[in-house]
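Engineer: Would you mind keeping the following structure in view while I ask a few things?
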Amino acid sequence: MFEEIKRKAKEASKKKAELGPDLNLKEFSLATKPLPKISKLSELQKEEKKSASNVGIEIKERKRSGTFFQINHSVIYENVKQDGLEIMSTTEALKKYSWLKNYWWKAVPVNCDKYTAQAELKQTHGYFIRALPGVKAKFPVQACLFISQNGLAQNVHNIIIAEEGSELQLITGCTIGLHVAKGLHIGISEFFVKKDASVTFSMIHSWGKDVDVRPRTAAIVEENGTFINNYICFKPVKSLQMYPVTYCVGKNSKTSYHTLLYGVGKSYLDVGSKVELIAEGSRAGIITRAIAKDESQIFARGHLIGKHKDTKGHLECRGLLLSERAKIHAIPELEGKASGCELSHEAAVGKIKEEELWYLMSRGFTEEEATSMIIKGFLDPEIIGLPPLLKDQIKKIMEKVVKGL
Amino acid sequence: MLKIENISVSVGEKEIIRNLSLNVKRKERHVIFGPNASGKTTLAMTIMGIPSYKITSGRIFFEGREITKLSIVERAKLGIFLAFQNPPQIRGVTVNSLMQILSKETKGILRKVYLDENIGLRELGVGFSGGEKKRLEIAQAFAMKPKLLILDEIDSGIDIESLRLIGKEINKFLERNKASVIAITHYGYLLDYLNFNKAHVMIRGQIACSGDVKKIWKIISKEGYKWCEKCLRR
């Protein structure tokens with residue numbers, strides 16, 4: 001079976017991705033020396049701690065049910081704080097569980113493009129996180145994928161399994177060290193949400209202006225399962241392209257996406273959210289809010305596919321342009337393949353209206369204050385309707401980020 | 001308190017107000033009547049300093065100081081408040097986030113204008129009913145405690161019972177703060193709740209007549225604005 005996967009990967013190793021600038025993978029190094037394990041996160045270097053906490057990682061692991069920490073190609077820390085949860089590197093998990101092969105590349109096709117191919121052929125760990133049947137994680141599990149070596153390619157493959165009736169929250173923070181100018185992050189994430197289980201996945205990215213990022217994410221949601229996907233990227237990045245997809249294969253399965261993007265400098269962000277509503281009663285909601293400043297370019301895609309007559313989905317995208325040179329391209333797609341499915345979308349892109357500024361100014365705010373009120377509010381998780389448990393957490397992170405805007 | 005001297009105002013290329021003067025003293029309550037498109041809102045926006053309303057000649061004074069060239073923010077800080085006829089929708093800014101900066105007593109103020117506390121989490125104007133929009137304008141006025149309150153058609157889109165209750169609160173506010181008011185309206189309902197001492201009729205960008213509130217309203221309700229046109233010609 002693995003031979004077959006490898007063969008497919010090799011065949012796809014030169015296959016360009018459908019979207020985003022094409023990258024020359026040879027420009028990124030795969031050589032790095034292994035790093036020693038640490039026994040607690042406080043042993044991280046000061047700047048590493050700072051970068052990690054800016055993407056939602058709790059250094060003291062307070063209110064966390066477990067931690068996975070990878071720097072470059074080394075898993076330096078794993079900690080499980082609650083029974084019934086498993087956290088380890090995927091390479092280790094593959095050795096431990098022979099059944100894991102039944103999940104390997106089952107949600108994301110290995111021959112999707114050269115990035116998935118590289119993740120298979122040159123895999124550099126990634127996390128395996130699993131909640132056993134009926135286990136409800138009290139706090140989120142946190143995972144950090146960190147690049148500290150300039151010019152390095154990190155190719156992680158993550159597998160997340162929420163067994164029947166379990167509840168899992170995962171916060172993944174991806175970032176770089178202070179001295180990293182160039183880098184490539186390829187992250188495969190395959191989510192399996194079983195019957196009556198729920199997963200809330202919140203990914204926070206903080207890259208650098210010369211870092212390229214190609215996540216490939218998919219989730220398979222079974223009967224009565226829920227998959228919530230939150231994504232936040234407020235910092236510069238050279239190019240980021242991803243189009244995560246959820247397959248609602250079980251009756252009454254649900255999924256929602258909340259995406260907050262802030263494009264600065266010359267950032268190129270191409271971020272989509274796709275849902276295939278396959279089973280009876282499956283539901284999807286997609287909300288994207290994007291702000292483009294300077295010369296940034298943002299593509300905000302959304303795609304809902306109704307394959308069963310009793311399915312519903314709504315897609316919403318709002319974009320705010322803060323500069324004449326920036327661009328936001330909202331591309332919402334609705335595809336009804338069964339009569340009776342209800343799919344809808346709304347999209348609006350524009351700059352801050354003068355009337356809005358004048359109104360706030362008549363309430364005593366300066367133009368700068370009024371502008372910043374609108375921007376902060378535009379990206380406020382309170383408004384896009386994040387689940388309560390996570391809202392405060394993400395708000396804290398956002399406050400930190402917004403301070404630096 | 002407010003002295004407008006012979007102003008002419010244009011929006012784009014079009015002159016809307018021509019050679020208008022108005023004098024509002026402290027604690028005075030003025031009501032301005034007028035048909036659609038007679039320039040009432042333009043006058044309100046001009047006093048507030050909204051940039052798309054350009055003063056081409058004339059001057060405006062507030063408490064003895066010329067404010068013709070002052071920005072919106074400066075005017076707001078001096079104590080001029082405009083309750084907008086059509087407040088914009090502002091996505092991203094919630095009622096709470098705005099109100100809490102303006103006042104420490106947000107909850108009490110919302111209660112005074114009969115707004116449900118839950119409105120605090122909603123974005124400004126988004127999905128608001130006509131009445132909710134007007135109430136929030138008044139709530140902001142109460143929070144900012146202006147010296148001059150300009151009400152632009154506060155009585156449209158709101159039911160009479162609510163108007164009565166809110167009118168009472170506005171009355172209390174004006175008395176307590178010794179504030180002046182300029183109210184723009186098409187209808188007479190507001191007259192029952194706010195004791196105006198002077199009325200004006202605006203026709204085609206000019207004040208056609210000024211005088212006793214009851215007298216003027218009686219004529220308008222009987223004869224319509226057509227009758228006022230005559231005064232302008234005189």
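Naming scheme: A, B, ... for chains in displayed order of the structure tokens; residues 1 onward per chain; ligands 1 onward as shown.
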List as CSV every residue of chain B that is in contact with chain A, defined as an atom at most 7 Å from one of its atoms (using only C-alpha atoms), together with the nearest atom pair and the distance in Å rounded to one decimal, sorted by chain and then rising number.

Structural biologist:
residue,atom,partner,partner_atom,distance
B:Ile50,CA,A:Trp358,CA,6.6
B:Ile72,CA,A:Ser362,CA,5.5
B:Val73,CA,A:Gly364,CA,4.9
B:Ala76,CA,A:Gly364,CA,5.3
B:Lys77,CA,A:Gly364,CA,6.0
B:Pro88,CA,A:Glu356,CA,6.1
B:Ile90,CA,A:Glu356,CA,6.2
B:Arg91,CA,A:Phe378,CA,6.6
B:Gly92,CA,A:Gly377,CA,3.8
B:Val93,CA,A:Gly377,CA,5.1

Engineer: Neighbouring residues of Gly79 of chain B were defined as those with any atom within 12 Å, considering only C-alpha atoms; residues of the same chain fewer than 2 positions away were excluded. Please report them as a VMD selection string.

Structural biologist: (chain A and resid 362 to 364) or (chain B and resid 1 to 2 47 to 48 62 to 63 67 72 to 77 81 to 82 141 to 150 177 179 to 181)

Engineer: What does the distance between atom CA of Lys81 of chain A and atom CA of Phe68 of chain A come to in Å, to one decimal place?

Structural biologist: 11.5 Å

Engineer: Quick one: pick out all strand (DSSP E or B) residues within segment 50-81 of chain B from a backbone DSSP run and write them as a VMD selection string.

Structural biologist: chain B and resid 53 to 62 65 to 66 80 to 81

Engineer: Could you save the residues just selected, with N, CA and C atoms, as a tab-separated table (two decimals), in the first residue's frame?

Structural biologist:
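New file part_23.tsv:
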chain	number	residue	atom	x	y	z
B	53	TYR	N	-20.48	68.81	2.11
B	53	TYR	CA	-21.34	70.01	2.07
B	53	TYR	C	-20.43	71.23	2.17
B	54	LYS	N	-20.23	71.86	1.03
B	54	LYS	CA	-19.23	72.95	0.98
B	54	LYS	C	-19.86	74.32	1.13
B	55	ILE	N	-19.32	75.07	2.11
B	55	ILE	CA	-19.79	76.44	2.31
B	55	ILE	C	-19.08	77.33	1.29
B	56	THR	N	-19.83	77.92	0.37
B	56	THR	CA	-19.20	78.74	-0.67
B	56	THR	C	-19.12	80.20	-0.25
B	57	SER	N	-20.03	80.62	0.64
B	57	SER	CA	-19.89	81.96	1.21
B	57	SER	C	-20.60	82.01	2.56
B	58	GLY	N	-20.28	83.02	3.35
B	58	GLY	CA	-20.91	83.16	4.66
B	58	GLY	C	-20.09	82.51	5.76
B	59	ARG	N	-20.54	82.68	7.00
B	59	ARG	CA	-19.77	82.19	8.15
B	59	ARG	C	-20.69	81.57	9.20
B	60	ILE	N	-20.11	80.67	10.00
B	60	ILE	CA	-20.86	80.09	11.11
B	60	ILE	C	-20.08	80.32	12.41
B	61	PHE	N	-20.79	80.74	13.43
B	61	PHE	CA	-20.15	80.94	14.73
B	61	PHE	C	-20.81	80.03	15.76
B	62	PHE	N	-20.01	79.53	16.68
B	62	PHE	CA	-20.56	78.75	17.78
B	62	PHE	C	-19.96	79.28	19.08
B	65	ARG	N	-17.25	81.80	18.60
B	65	ARG	CA	-16.04	81.45	17.87
B	65	ARG	C	-16.41	81.01	16.46
B	66	GLU	N	-15.63	81.49	15.47
B	66	GLU	CA	-15.97	81.08	14.11
B	66	GLU	C	-15.60	79.62	13.88
B	80	ILE	N	-21.33	70.23	19.51
B	80	ILE	CA	-22.39	70.15	18.50
B	80	ILE	C	-22.65	68.68	18.21
B	81	PHE	N	-23.91	68.31	18.23
B	81	PHE	CA	-24.24	66.91	17.96
B	81	PHE	C	-25.33	66.84	16.91

Engineer: Please provide the set of residues having any atom within 10 Å of Ala181 of chain A, restricted to only C-alpha atoms, with same-chain residues fewer than 6 positions apart removed, written as a PyMOL selection string.

Structural biologist: chain A and resi 148-152+207-211

Engineer: Please report, as a PyMOL selection string, each residue of segment 114-336 of chain A to which DSSP assigns helix (DSSP H, G or I) when run on this structure's backbone.

Structural biologist: chain A and resi 114-121

Engineer: Neighbouring residues of Met88 of chain A were defined as those with any atom within 8 Å, considering only C-alpha atoms; residues of the same chain fewer than 3 positions away were excluded. Please report them as a PyMOL selection string.

Structural biologist: chain A and resi 68+78+92-93+127-129

Engineer: Selection from above, N, CA and C atoms, as a PDB file, in the first residue's frame, can you write it?

Structural biologist:
ATOM      1  N   PHE A  68       2.059  19.776  21.306  1.00  0.00           N
ATOM      2  CA  PHE A  68       3.005  19.195  20.351  1.00  0.00           C
ATOM      3  C   PHE A  68       3.842  20.352  19.833  1.00  0.00           C
ATOM      4  N   GLU A  78       6.419  16.803  23.369  1.00  0.00           N
ATOM      5  CA  GLU A  78       5.047  16.300  23.299  1.00  0.00           C
ATOM      6  C   GLU A  78       4.573  16.129  24.728  1.00  0.00           C
ATOM      7  N   GLU A  92       6.019   8.459  14.293  1.00  0.00           N
ATOM      8  CA  GLU A  92       5.951   7.554  15.444  1.00  0.00           C
ATOM      9  C   GLU A  92       4.616   6.801  15.449  1.00  0.00           C
ATOM     10  N   ALA A  93       3.546   7.524  15.166  1.00  0.00           N
ATOM     11  CA  ALA A  93       2.210   6.918  15.173  1.00  0.00           C
ATOM     12  C   ALA A  93       2.085   5.829  14.108  1.00  0.00           C
ATOM     13  N   TYR A 127       2.040  16.174  13.289  1.00  0.00           N
ATOM     14  CA  TYR A 127       1.448  15.597  14.499  1.00  0.00           C
ATOM     15  C   TYR A 127       0.311  14.622  14.232  1.00  0.00           C
ATOM     16  N   PHE A 128       0.211  13.666  15.150  1.00  0.00           N
ATOM     17  CA  PHE A 128      -0.923  12.745  15.185  1.00  0.00           C
ATOM     18  C   PHE A 128      -1.647  13.059  16.483  1.00  0.00           C
ATOM     19  N   ILE A 129      -2.894  13.484  16.360  1.00  0.00           N
ATOM     20  CA  ILE A 129      -3.660  13.800  17.570  1.00  0.00           C
ATOM     21  C   ILE A 129      -4.974  13.045  17.496  1.00  0.00           C
TER      22      ILE A 129
END

Engineer: Find the spatial neighbours of Val31 of chain B, counting only C-alpha atoms, within a cut-off of 6 Å - ignore same-chain residues fewer than 2 positions away - and output them as a PyMOL selection string.

Structural biologist: chain B and resi 182-184+199

Engineer: May I have the residues from that selection written out with N, CA and C atoms, as a PDB file, in the first residue's frame?

Structural biologist:
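The resulting file, result-v3.pdb, is reproduced below:
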ATOM      1  N   ILE B 182     -32.053  72.167  17.542  1.00  0.00           N
ATOM      2  CA  ILE B 182     -32.631  72.509  16.237  1.00  0.00           C
ATOM      3  C   ILE B 182     -33.214  71.199  15.725  1.00  0.00           C
ATOM      4  N   ALA B 183     -34.539  71.171  15.551  1.00  0.00           N
ATOM      5  CA  ALA B 183     -35.161  69.937  15.087  1.00  0.00           C
ATOM      6  C   ALA B 183     -35.734  70.136  13.699  1.00  0.00           C
ATOM      7  N   ILE B 184     -35.399  69.183  12.828  1.00  0.00           N
ATOM      8  CA  ILE B 184     -35.910  69.241  11.459  1.00  0.00           C
ATOM      9  C   ILE B 184     -37.027  68.214  11.349  1.00  0.00           C
ATOM     10  N   ALA B 199     -40.100  78.701  15.203  1.00  0.00           N
ATOM     11  CA  ALA B 199     -40.222  77.838  14.035  1.00  0.00           C
ATOM     12  C   ALA B 199     -39.721  78.555  12.791  1.00  0.00           C
TER      13      ALA B 199
END

Engineer: Skipping near chain neighbours, those fewer than 3 positions away, what residues fall within 8 Å of segment 218-226 of chain B using only C-alpha atoms, listed as a ChimeraX atom specification?

Structural biologist: /B:34-35,214-215,229-230

Engineer: Find the residues near Thr42 of chain B: any atom within 12 Å, counting only C-alpha atoms, skip ones fewer than 4 places away on the same chain, and give them as an MDAnalysis selection string.

Structural biologist: chainID B and resid 7:11 14:18 20 36:38 46:55 82 84:85 152 184 202 204:206

Engineer: What would the file look like if the residues just selected were written as a compact mmCIF listing (two decimals), in the first residue's frame with C-alpha atoms?

Structural biologist:
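New file out-v9.txt:
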# COMPACT_ATOMS: atom_id res chain seq x y z
CA ILE B 7 -24.23 80.98 4.16
CA SER B 8 -24.49 79.39 0.75
CA VAL B 9 -23.81 75.66 0.53
CA SER B 10 -23.13 73.43 -2.43
CA VAL B 11 -23.06 69.67 -2.77
CA LYS B 14 -25.26 72.08 -7.08
CA GLU B 15 -26.07 74.96 -4.77
CA ILE B 16 -28.54 73.74 -2.16
CA ILE B 17 -28.59 76.55 0.40
CA ARG B 18 -28.60 80.16 -0.63
CA LEU B 20 -29.24 81.59 4.81
CA ASN B 36 -38.65 67.42 0.67
CA ALA B 37 -35.42 68.65 -0.88
CA SER B 38 -35.72 72.11 0.60
CA THR B 46 -23.29 71.89 7.19
CA ILE B 47 -23.52 72.86 10.85
CA MET B 48 -21.87 69.51 11.74
CA GLY B 49 -19.11 70.17 9.17
CA ILE B 50 -19.58 67.13 6.91
CA PRO B 51 -17.00 67.74 4.13
CA SER B 52 -19.22 66.98 1.13
CA TYR B 53 -21.34 70.01 2.07
CA LYS B 54 -19.23 72.95 0.98
CA ILE B 55 -19.79 76.44 2.31
CA LEU B 82 -26.14 65.75 14.91
CA PHE B 84 -28.47 61.73 11.54
CA GLN B 85 -31.57 61.21 9.47
CA ASP B 152 -32.75 65.53 11.64
CA ILE B 184 -35.91 69.24 11.46
CA MET B 202 -37.26 76.29 4.60
CA ARG B 204 -35.62 75.92 -1.86
CA GLY B 205 -32.57 76.48 0.31
CA GLN B 206 -33.78 79.57 2.05

Engineer: Could you check which of A:Trp104, A:Glu342, A:Val80, A:Gly56 is closest to Thr172 of chain A, using only C-alpha atoms?

Structural biologist: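 Once distances to Thr172 of chain A are computed over only C-alpha atoms, the minimum belongs to A:Gly56.
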